[in-house]
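Coordinates as given in coords37.txt (compact mmCIF, C-alpha atoms):
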# COMPACT_ATOMS: atom_id res chain seq x y z
CA MET A 1 62.78 94.55 151.79
CA SER A 2 65.24 92.92 154.14
CA LEU A 3 65.29 89.12 154.29
CA SER A 4 66.23 89.17 157.96
CA THR A 5 63.23 88.23 160.06
CA PRO A 6 61.71 91.34 161.69
CA GLU A 7 62.14 91.49 165.44
CA SER A 8 58.38 91.48 165.98
CA VAL A 9 58.02 88.27 163.96
CA GLN A 10 60.92 86.73 165.85
CA ARG A 11 59.22 87.49 169.15
CA LEU A 12 55.99 85.91 167.93
CA GLN A 13 57.78 82.77 166.77
CA ALA A 14 59.79 82.51 169.97
CA ALA A 15 56.63 82.79 172.08
CA LEU A 16 54.81 80.14 170.04
CA HIS A 17 57.77 77.76 170.18
CA ALA A 18 58.28 78.25 173.92
CA LYS A 19 54.60 77.52 174.57
CA ALA A 20 54.65 74.41 172.41
CA LYS A 21 57.91 73.16 173.93
CA GLY A 22 56.83 73.83 177.48
CA GLU A 23 53.36 72.28 177.11
CA PRO A 24 53.48 69.27 174.74
CA GLY A 25 49.74 68.73 175.04
CA PHE A 26 48.69 72.35 174.43
CA ARG A 27 46.43 73.05 171.44
CA PHE A 28 46.63 76.55 169.97
CA TYR A 29 43.30 78.27 169.48
CA ALA A 30 44.22 81.80 168.30
CA LEU A 31 46.53 81.57 165.30
CA TYR A 32 44.59 82.70 162.25
CA ASP A 33 44.77 86.40 163.09
CA LYS A 34 48.58 86.10 163.24
CA VAL A 35 48.66 85.07 159.56
CA TYR A 36 47.37 88.43 158.32
CA ARG A 37 49.38 90.58 160.71
CA SER A 38 51.07 93.26 158.62
CA ASP A 39 54.59 92.34 159.73
CA VAL A 40 54.04 88.63 159.10
CA LEU A 41 52.53 89.18 155.66
CA ALA A 42 55.24 91.68 154.69
CA HIS A 43 58.00 89.25 155.67
CA ALA A 44 56.22 86.41 153.86
CA TYR A 45 56.07 88.55 150.71
CA ALA A 46 59.78 89.42 151.02
CA ARG A 47 60.70 85.75 151.25
CA CYS A 48 58.61 84.85 148.22
CA ARG A 49 59.96 87.83 146.28
CA ALA A 50 63.55 86.77 147.02
CA LYS A 51 62.93 83.39 145.37
CA ARG A 52 61.79 85.13 142.18
CA GLY A 53 59.33 82.40 141.27
CA ALA A 54 57.20 82.34 138.14
CA ALA A 55 53.60 83.49 137.92
CA GLY A 56 50.74 81.14 138.71
CA VAL A 57 47.51 80.55 136.80
CA ASP A 58 46.42 84.18 137.24
CA GLY A 59 49.54 85.46 135.42
CA GLU A 60 50.36 87.95 138.18
CA THR A 61 54.09 88.66 138.47
CA PHE A 62 56.21 90.30 141.14
CA GLU A 63 56.96 93.11 138.69
CA ALA A 64 53.23 93.82 138.38
CA ILE A 65 52.84 93.83 142.17
CA GLU A 66 55.79 96.21 142.57
CA SER A 67 54.26 98.54 139.97
CA TYR A 68 50.88 98.41 141.70
CA GLY A 69 52.44 98.97 145.12
CA PRO A 70 53.22 96.05 147.45
CA ASP A 71 51.83 97.84 150.51
CA GLY A 72 48.43 98.26 148.90
CA TRP A 73 48.53 94.72 147.50
CA LEU A 74 49.35 93.28 150.93
CA GLY A 75 46.68 95.41 152.55
CA GLU A 76 44.03 94.01 150.21
CA LEU A 77 45.24 90.48 150.88
CA ALA A 78 45.13 91.05 154.64
CA GLU A 79 41.58 92.34 154.34
CA ALA A 80 40.52 89.27 152.36
CA LEU A 81 41.99 87.06 155.06
CA ARG A 82 40.39 89.07 157.85
CA ARG A 83 36.96 88.88 156.17
CA LYS A 84 37.59 85.20 155.36
CA THR A 85 36.86 85.76 151.68
CA TYR A 86 40.29 84.51 150.61
CA ARG A 87 40.16 81.45 148.35
CA PRO A 88 43.22 79.79 146.80
CA GLU A 89 43.54 79.50 143.04
CA ALA A 90 44.52 76.39 141.11
CA VAL A 91 48.17 75.35 141.00
CA ARG A 92 49.94 75.65 137.65
CA ARG A 93 51.75 72.42 136.86
CA VAL A 94 54.93 72.27 134.81
CA TRP A 95 57.15 69.28 134.12
CA ILE A 96 60.85 69.42 134.95
CA PRO A 97 63.29 67.06 133.14
CA LYS A 98 65.18 64.62 135.39
CA PRO A 99 68.69 63.30 134.72
CA ASP A 100 67.31 59.85 133.85
CA GLY A 101 65.23 61.28 131.02
CA THR A 102 61.90 61.25 132.86
CA LYS A 103 60.06 64.31 134.12
CA ARG A 104 58.82 65.30 137.56
CA PRO A 105 55.82 67.53 138.20
CA LEU A 106 56.28 70.92 139.82
CA GLY A 107 53.35 72.92 141.12
CA ILE A 108 53.43 76.72 140.93
CA PRO A 109 50.77 78.40 143.10
CA THR A 110 49.88 82.02 142.47
CA ILE A 111 52.02 84.60 144.23
CA ARG A 112 49.01 85.47 146.37
CA ASP A 113 48.70 81.89 147.57
CA ARG A 114 52.44 81.56 148.08
CA VAL A 115 52.49 84.62 150.32
CA VAL A 116 49.59 83.41 152.47
CA GLN A 117 51.09 79.94 152.77
CA THR A 118 54.46 81.38 153.74
CA ALA A 119 52.76 83.53 156.38
CA ALA A 120 51.05 80.41 157.72
CA VAL A 121 54.38 78.59 157.84
CA LEU A 122 55.90 81.48 159.81
CA VAL A 123 53.19 80.94 162.41
CA LEU A 124 52.89 77.15 162.40
CA ALA A 125 56.50 76.03 161.98
CA PRO A 126 57.71 77.16 165.46
CA ILE A 127 54.87 75.16 167.02
CA PHE A 128 55.52 71.91 165.17
CA GLU A 129 59.29 72.32 165.41
CA ALA A 130 58.88 71.57 169.11
CA ASP A 131 57.36 68.18 168.25
CA LEU A 132 59.57 66.95 165.40
CA ALA A 133 61.98 64.14 166.24
CA ALA A 134 65.74 64.60 166.41
CA GLU A 135 66.06 62.07 163.58
CA GLN A 136 64.26 64.40 161.16
CA TYR A 137 66.61 66.73 159.30
CA ALA A 138 64.66 68.28 156.42
CA TYR A 139 63.22 71.81 156.32
CA ARG A 140 64.30 72.67 159.85
CA PRO A 141 66.38 75.56 161.21
CA GLY A 142 69.95 74.63 161.97
CA ARG A 143 69.67 71.22 160.30
CA GLY A 144 70.37 69.92 156.86
CA ALA A 145 71.15 66.97 154.66
CA LEU A 146 74.84 66.90 155.62
CA ASP A 147 73.84 66.49 159.26
CA ALA A 148 71.77 63.46 158.27
CA VAL A 149 74.71 62.03 156.30
CA GLN A 150 77.00 62.37 159.32
CA HIS A 151 74.33 60.80 161.57
CA VAL A 152 74.20 57.72 159.34
CA HIS A 153 77.99 57.47 159.34
CA ARG A 154 78.10 57.59 163.14
CA LEU A 155 75.54 54.79 163.33
CA LEU A 156 77.54 52.64 160.92
CA MET A 157 80.67 53.20 162.99
CA SER A 158 78.81 52.19 166.16
CA GLY A 159 77.91 48.80 164.69
CA HIS A 160 74.53 49.55 163.06
CA THR A 161 75.73 48.05 159.80
CA GLU A 162 72.55 46.33 158.59
CA VAL A 163 70.69 49.06 156.77
CA VAL A 164 67.14 49.18 155.47
CA ASP A 165 67.53 51.39 152.40
CA ALA A 166 63.88 52.42 152.01
CA ASP A 167 61.97 54.20 149.29
CA LEU A 168 58.36 55.38 149.33
CA SER A 169 56.31 55.60 146.15
CA GLY A 170 55.16 59.15 145.54
CA TYR A 171 55.21 60.19 149.19
CA PHE A 172 54.07 63.79 148.70
CA ASP A 173 51.23 62.67 146.43
CA SER A 174 50.18 59.84 148.78
CA ILE A 175 49.78 61.54 152.15
CA PRO A 176 46.17 60.90 153.27
CA HIS A 177 44.35 64.13 154.08
CA ALA A 178 42.27 62.83 156.97
CA GLU A 179 45.26 61.46 158.86
CA LEU A 180 47.38 64.51 158.04
CA LEU A 181 44.72 66.85 159.39
CA LYS A 182 44.64 64.82 162.59
CA SER A 183 48.38 65.47 162.92
CA VAL A 184 47.76 69.20 162.48
CA ALA A 185 44.83 69.13 164.91
CA ARG A 186 47.03 67.69 167.65
CA ARG A 187 48.32 71.23 168.08
CA VAL A 188 45.84 73.46 166.28
CA VAL A 189 42.25 73.90 167.39
CA ASP A 190 41.79 77.20 165.54
CA GLY A 191 39.00 76.46 163.06
CA ALA A 192 39.93 79.24 160.64
CA MET A 193 43.54 78.03 160.45
CA MET A 194 42.41 74.45 159.90
CA ARG A 195 40.13 75.69 157.12
CA LEU A 196 43.11 77.29 155.37
CA VAL A 197 45.08 74.05 155.47
CA LYS A 198 42.11 72.07 154.16
CA MET A 199 41.65 74.46 151.24
CA TRP A 200 45.31 74.18 150.27
CA LEU A 201 45.19 70.39 150.33
CA VAL A 202 42.43 70.25 147.71
CA MET A 203 43.60 72.94 145.29
CA ALA A 204 42.95 72.10 141.65
CA VAL A 205 45.83 71.61 139.22
CA GLU A 206 46.02 73.33 135.84
CA GLU A 207 48.32 72.26 133.03
CA GLU A 208 48.56 72.51 129.26
CA ASP A 209 48.14 69.53 126.96
CA ASP A 210 50.20 68.91 123.83
CA ARG A 211 48.05 71.38 121.90
CA GLY A 212 48.43 74.16 124.45
CA ARG A 213 44.92 73.79 125.82
CA LYS A 214 44.54 74.35 129.56
CA GLN A 215 42.95 71.61 131.62
CA ARG A 216 42.12 71.48 135.32
CA THR A 217 41.96 68.39 137.48
CA THR A 218 40.92 67.86 141.09
CA ARG A 219 42.83 64.69 141.89
CA ALA A 220 43.78 65.74 145.44
CA LYS A 221 40.15 66.52 146.28
CA ASP A 222 38.81 63.40 144.57
CA THR A 223 41.25 60.98 146.19
CA GLY A 224 41.75 62.75 149.54
CA ARG A 225 45.51 62.42 149.18
CA GLY A 226 48.59 64.49 148.53
CA THR A 227 50.16 67.79 149.48
CA PRO A 228 50.57 70.62 146.95
CA GLN A 229 54.09 70.06 145.62
CA GLY A 230 55.99 73.28 145.06
CA ALA A 231 53.83 75.13 147.59
CA PRO A 232 55.48 76.72 150.66
CA ILE A 233 53.19 74.78 153.04
CA SER A 234 54.06 71.36 151.57
CA PRO A 235 57.43 70.74 153.32
CA LEU A 236 55.95 71.47 156.74
CA LEU A 237 53.00 69.15 156.16
CA ALA A 238 55.24 66.40 154.76
CA ASN A 239 57.53 66.63 157.78
CA LEU A 240 54.55 66.53 160.09
CA TYR A 241 53.15 63.33 158.59
CA ILE A 242 56.44 61.41 158.39
CA ARG A 243 56.80 62.26 162.07
CA ARG A 244 54.03 59.71 162.67
CA PHE A 245 56.35 57.01 161.40
CA VAL A 246 59.44 58.22 163.26
CA ALA A 247 57.58 58.68 166.56
CA GLY A 248 55.59 55.47 166.13
CA TRP A 249 58.79 53.50 165.61
CA LYS A 250 59.82 54.45 169.13
CA VAL A 251 56.38 54.12 170.74
CA LEU A 252 56.00 50.58 169.39
CA GLY A 253 59.40 49.70 170.83
CA HIS A 254 61.12 48.91 167.53
CA GLU A 255 64.05 51.24 168.18
CA THR A 256 64.94 49.55 171.47
CA ARG A 257 63.89 45.98 170.70
CA LEU A 258 65.53 45.81 167.30
CA LYS A 259 68.38 48.23 168.02
CA ALA A 260 67.20 50.00 164.87
CA ARG A 261 67.64 53.74 164.39
CA ILE A 262 65.88 55.86 161.76
CA VAL A 263 67.50 58.79 159.96
CA ASN A 264 65.01 60.80 157.91
CA TYR A 265 65.24 63.62 155.39
CA ALA A 266 61.94 64.60 153.74
CA ASP A 267 60.66 61.42 152.05
CA ASP A 268 64.06 59.67 152.26
CA PHE A 269 65.02 57.54 155.22
CA VAL A 270 67.23 54.65 156.22
CA ILE A 271 67.00 52.38 159.24
CA CYS A 272 70.39 51.41 160.67
CA CYS A 273 70.28 48.18 162.67
CA ARG A 274 72.55 45.98 164.76
CA GLY A 275 71.94 42.58 163.19
CA THR A 276 68.15 42.97 162.97
CA GLY A 277 67.72 44.36 159.48
CA ALA A 278 65.22 41.74 158.27
CA GLU A 279 62.96 42.28 161.28
CA ALA A 280 63.19 46.06 160.92
CA LEU A 281 62.26 45.84 157.23
CA ALA A 282 59.18 43.75 158.06
CA ALA A 283 58.15 46.14 160.85
CA MET A 284 58.57 49.15 158.55
CA ARG A 285 56.35 47.57 155.91
CA LYS A 286 53.57 46.94 158.45
CA MET A 287 53.74 50.50 159.72
CA MET A 288 53.52 51.96 156.21
CA VAL A 289 50.35 49.97 155.58
CA ARG A 290 48.82 51.51 158.70
CA LEU A 291 50.00 54.96 157.61
CA LYS A 292 48.45 54.39 154.14
CA LEU A 293 51.76 54.93 152.42
CA MET A 294 53.23 52.65 149.75
CA VAL A 295 56.71 51.15 149.90
CA ASN A 296 58.52 51.04 146.57
CA GLU A 297 59.60 47.41 146.74
CA ALA A 298 61.74 47.71 143.62
CA LYS A 299 63.97 50.27 145.32
CA THR A 300 63.72 49.14 148.96
CA ARG A 301 66.38 46.68 150.04
CA LEU A 302 68.43 45.45 152.97
CA ARG A 303 72.14 46.28 152.81
CA ARG A 304 74.96 44.97 154.97
CA ALA A 305 77.68 47.59 155.15
CA PRO A 306 80.43 47.99 154.30
CA ASP A 307 80.42 45.12 151.78
CA GLU A 308 77.06 46.12 150.31
CA PRO A 309 77.12 49.88 149.63
CA PHE A 310 73.98 52.01 149.62
CA ASP A 311 73.13 55.55 148.59
CA PHE A 312 71.53 58.17 150.81
CA LEU A 313 71.12 61.88 150.04
CA GLY A 314 73.56 61.76 147.16
CA TYR A 315 76.32 59.96 149.04
CA THR A 316 77.41 56.33 148.72
CA PHE A 317 78.12 54.64 152.05
CA GLY A 318 80.44 51.65 151.97
CA ARG A 319 83.99 50.40 152.00
CA ASN A 320 86.62 52.95 151.00
CA TRP A 321 90.40 52.75 150.94
CA SER A 322 92.91 55.26 152.23
CA PRO A 323 95.26 56.42 149.44
CA LYS A 324 98.00 56.93 152.05
CA THR A 325 97.88 53.61 153.93
CA GLY A 326 95.80 51.40 151.64
CA ARG A 327 93.68 50.38 154.61
CA SER A 328 89.91 50.13 154.30
CA TYR A 329 87.36 52.05 156.29
CA ILE A 330 83.61 52.69 156.35
CA GLY A 331 83.05 56.02 154.72
CA THR A 332 81.23 58.10 152.17
CA ARG A 333 81.84 59.34 148.66
CA PRO A 334 79.71 61.19 146.10
CA SER A 335 77.40 58.73 144.39
CA LYS A 336 77.77 57.87 140.71
CA LYS A 337 74.36 59.39 140.00
CA ARG A 338 75.38 62.73 141.46
CA LEU A 339 78.65 62.69 139.53
CA ALA A 340 76.76 61.98 136.32
CA ARG A 341 74.31 64.76 137.13
CA LEU A 342 77.15 67.27 137.49
CA VAL A 343 78.67 66.15 134.19
CA THR A 344 75.30 66.69 132.52
CA ALA A 345 75.06 70.17 134.04
CA LEU A 346 78.57 71.04 132.83
CA ARG A 347 77.63 69.95 129.34
CA GLY A 348 74.53 72.08 129.48
CA LEU A 349 76.54 75.17 130.36
CA THR A 350 79.18 74.60 127.70
CA GLY A 351 77.28 72.99 124.84
CA ARG A 352 76.98 74.34 121.33
CA ARG A 353 73.52 75.72 122.05
CA SER A 354 74.54 77.41 125.30
CA ALA A 355 74.42 81.19 125.46
CA ARG A 356 77.52 83.03 124.29
CA PRO A 357 78.33 85.50 127.06
CA THR A 358 81.77 86.84 127.81
CA VAL A 359 84.47 84.45 128.99
CA GLN A 360 84.28 85.99 132.46
CA GLU A 361 80.53 85.36 132.65
CA LYS A 362 80.91 81.75 131.47
CA VAL A 363 83.64 81.04 134.00
CA ALA A 364 81.48 82.61 136.72
CA GLU A 365 78.61 80.28 135.75
CA LEU A 366 80.88 77.25 135.95
CA ASN A 367 82.33 78.38 139.26
CA ARG A 368 78.88 78.75 140.80
CA LEU A 369 77.95 75.26 139.67
CA LEU A 370 81.20 73.62 140.81
CA SER A 371 81.39 75.47 144.13
CA GLY A 372 77.77 74.73 144.97
CA TRP A 373 78.30 71.06 144.20
CA ALA A 374 81.50 70.86 146.24
CA ASN A 375 79.96 72.75 149.17
CA TYR A 376 77.53 69.85 149.51
CA PHE A 377 79.89 67.04 148.55
CA CYS A 378 82.57 67.94 151.07
CA LEU A 379 82.34 64.88 153.32
CA GLY A 380 84.34 61.71 153.18
CA SER A 381 86.43 60.46 150.28
CA VAL A 382 86.08 63.21 147.69
CA SER A 383 89.59 63.47 146.19
CA ARG A 384 88.90 61.18 143.25
CA ALA A 385 85.56 62.85 142.50
CA TYR A 386 87.09 66.33 142.72
CA ARG A 387 89.92 65.32 140.41
CA ALA A 388 87.50 63.88 137.85
CA MET A 389 85.20 66.90 137.98
CA ASP A 390 88.14 69.32 137.67
CA GLU A 391 89.23 67.52 134.52
CA GLN A 392 85.68 67.47 133.17
CA ALA A 393 85.27 71.20 133.81
CA ARG A 394 88.57 72.02 132.10
CA ARG A 395 87.69 69.86 129.09
CA ARG A 396 84.25 71.41 128.70
CA LEU A 397 85.57 74.97 129.09
CA ARG A 398 88.28 74.32 126.49
CA GLN A 399 85.62 73.04 124.10
CA TRP A 400 83.51 76.13 124.71
CA LEU A 401 86.50 78.44 124.16
CA ARG A 402 87.39 76.68 120.90
CA ALA A 403 83.84 77.18 119.65
CA LYS A 404 83.91 80.83 120.65
CA TYR A 405 87.41 81.45 119.24
CA PRO A 406 87.92 78.87 116.45
CA HIS A 407 91.49 77.79 115.83
CA GLN A 408 93.39 74.61 115.00
CA GLY A 409 94.44 72.15 117.65
CA TYR A 410 92.83 70.56 120.66
CA GLY A 411 93.41 73.60 122.86
CA ARG A 412 95.60 72.22 125.64
CA VAL A 413 98.56 74.37 124.61
CA ARG A 414 96.63 77.60 124.23
CA TYR A 415 94.31 76.83 127.13
CA SER A 416 96.53 75.04 129.61
CA ASP A 417 95.40 74.06 133.08
CA THR A 418 97.38 76.95 134.52
CA TYR A 419 95.76 79.41 132.12
CA LEU A 420 92.22 78.18 132.88
CA HIS A 421 92.68 78.29 136.65
CA GLU A 422 95.08 81.16 137.24
CA VAL A 423 94.25 83.53 134.39
CA LEU A 424 90.57 82.88 133.72
CA GLY A 425 89.84 82.02 137.35
CA LEU A 426 88.17 78.62 136.94
CA VAL A 427 87.70 77.19 140.42
CA ARG A 428 89.82 74.16 141.35
CA LEU A 429 88.11 71.58 143.54
CA GLN A 430 91.23 69.63 144.41
CA GLY A 431 92.85 70.89 147.57
CA ARG A 432 89.59 71.88 149.26
CA PRO A 433 89.46 70.99 153.00
CA ARG A 434 88.03 67.62 154.04
CA ASN A 435 85.37 67.62 156.75
CA PHE A 436 84.58 63.96 157.29
CA PRO A 437 87.09 61.86 159.26
CA TRP A 438 88.26 58.55 157.89
CA ALA A 439 87.60 55.52 160.05
CA LYS A 440 88.81 51.95 159.86
CA ALA A 441 86.32 49.32 158.69
Would you give me this structure, written as structure tokens?
Amino acid sequence: MSLSTPESVQRLQAALHAKAKGEPGFRFYALYDKVYRSDVLAHAYARCRAKRGAAGVDGETFEAIESYGPDGWLGELAEALRRKTYRPEAVRRVWIPKPDGTKRPLGIPTIRDRVVQTAAVLVLAPIFEADLAAEQYAYRPGRGALDAVQHVHRLLMSGHTEVVDADLSGYFDSIPHAELLKSVARRVVDGAMMRLVKMWLVMAVEEEDDRGRKQRTTRAKDTGRGTPQGAPISPLLANLYIRRFVAGWKVLGHETRLKARIVNYADDFVICCRGTGAEALAAMRKMMVRLKLMVNEAKTRLRRAPDEPFDFLGYTFGRNWSPKTGRSYIGTRPSKKRLARLVTALRGLTGRRSARPTVQEKVAELNRLLSGWANYFCLGSVSRAYRAMDEQARRRLRQWLRAKYPHQGYGRVRYSDTYLHEVLGLVRLQGRPRNFPWAKA
């Protein structure tokens, strides 16, 4: 199946977006039947299949669906939706290690539920895209984290140097269902569609204990809070609820009165102010109480750039120095946490317990990791970080080669920099183009 959006689905999305954009107060009343349209469901399945996710609690895999016949499988799913007999299964929870040694929960819905949720997103996203604020950059077409990074830099350069570096405690798990559904209902009056969203919000969670026994909990249903993390519908719902804060900030006059501008990406945001940081911080706290969200006071702080650096979306904003002139400027650089994370990933690919493929395969793995990292960390002062990561990659690859082909010596003679880069093809980060202009502080 092609991942390009079918023309018929594009026309549907364009019509929904145009209606929503042209009539801000319009509430859509005929959406549910669009979810089980054959073209919408087929494209939703193709998108889920491309991500190659694991099976959910029912154990059904994409390989099993392909063997059964995806057309028949999708037809049965469409019929269940049409008859309104579809019910979501529990979400399988797994725990993913974090760089700091802790673990974060990841929810894995069944493939069936992922396909239906993706179909719903195909229908709902064009509607709510018309309402999202320009300051919101996550999970939106034509926008991304680097755009948010550049937005913050522009604000700093325009004098908004007092920054509320905010952090919310468990945002995705804290979103109140009642208020979230009100946000959905501002645009959706289709009862069947609302019923789908409600069912997804209260899905049970299944996980294994230390003895391998499966247990199910209904925390979301019991507390009336949280979106299903890892589910295709979750980013849209999270964006929709944080919009309340971004829009409310303007409606209450904080943006104009305090000269305070929000930049938001998912559950991360900063507020850049012109000398009113303390007032903006107090106003933000009051709004979060009304929104029933909790501010992480241990991680929320007021920073005065460039002397007090802060991190946002993996970048450190603060005072940098030009290696050519020695003059200082307000700029960005990869944060220490992200550098450490890359070092950990390089160790994982080249450690003693790593798989022993061919040299070409190992170099290809390293190149994918390094190139992906550098594609994101391409703004601002990156020369020092690139130089350090190049050296780290060469050192780790030499160590891996020595383990694969034991011999005496450290390996710098046999595996010189030139050999690693020009013969084996290890990517070199130094010399990549710079995309973020330097500016004087």
Inset, instruction - Record the distance separating atom CA of A:Val116 and atom CA of A:Tyr36, expressed in Å with one decimal. - result: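 Taking atom CA of A:Val116 as the start and atom CA of A:Tyr36 as the end point, the length is 8.0 Å.
Minimum atom-to-atom distance to A:Lys299, evaluated using all atoms listed in the file, belongs to A:Val164 out of A:Ser416, A:Arg52, A:Gly25, A:Val164.
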Legend entry - 12 Å contact set for A:Pro105, only C-alpha atoms, chain neighbours under 6 positions out, as JSON, numbers by chain: {"A": [91, 92, 93, 94, 95, 96, 97, 98, 170, 172, 173, 205, 206, 207, 228, 229, 230]}
Inset, instruction - Mind checking which residues fall within 10 Å of A:Glu179, counting only C-alpha atoms, ignoring those fewer than 6 positions away in the same chain, and posting them as a ChimeraX atom specification? - result: /A:185,225,241,244,291-292
Inset, instruction - Choose the residue, out of A:Pro70, A:Pro88, A:Pro235, A:Gly22, that has the smallest atom-to-atom separation from A:Val57; count only C-alpha atoms. - result: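 Among the listed residues, A:Pro88 lies closest to A:Val57.
Once A:Arg414 and its same-chain neighbours fewer than 6 positions away are set aside, Arg398, Arg402, His407 and Leu420 of chain A remain within 10 Å of it when counting all atoms listed in the file.
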Can you pull out every residue within 12 Å of A:Trp73, counting all atoms listed in the file, but drop anything in the same chain fewer than 5 positions away, and send it as a PDB file with C-alpha atoms, in the frame of the given file?
ATOM      1  CA  SER A  38      51.070  93.260 158.620  1.00  0.00           C
ATOM      2  CA  LEU A  41      52.530  89.180 155.660  1.00  0.00           C
ATOM      3  CA  ALA A  42      55.240  91.680 154.690  1.00  0.00           C
ATOM      4  CA  TYR A  45      56.070  88.550 150.710  1.00  0.00           C
ATOM      5  CA  GLU A  60      50.360  87.950 138.180  1.00  0.00           C
ATOM      6  CA  PHE A  62      56.210  90.300 141.140  1.00  0.00           C
ATOM      7  CA  ALA A  64      53.230  93.820 138.380  1.00  0.00           C
ATOM      8  CA  ILE A  65      52.840  93.830 142.170  1.00  0.00           C
ATOM      9  CA  GLU A  66      55.790  96.210 142.570  1.00  0.00           C
ATOM     10  CA  SER A  67      54.260  98.540 139.970  1.00  0.00           C
ATOM     11  CA  TYR A  68      50.880  98.410 141.700  1.00  0.00           C
ATOM     12  CA  ALA A  78      45.130  91.050 154.640  1.00  0.00           C
ATOM     13  CA  GLU A  79      41.580  92.340 154.340  1.00  0.00           C
ATOM     14  CA  ALA A  80      40.520  89.270 152.360  1.00  0.00           C
ATOM     15  CA  ILE A 111      52.020  84.600 144.230  1.00  0.00           C
ATOM     16  CA  ARG A 112      49.010  85.470 146.370  1.00  0.00           C
ATOM     17  CA  VAL A 115      52.490  84.620 150.320  1.00  0.00           C
TER      18      VAL A 115
END
Legend entry - Counting all atoms listed in the file, the residue of A:Tyr315, A:Ser158, A:Asn239, A:Arg396 that sits nearest A:Leu180: A:Asn239
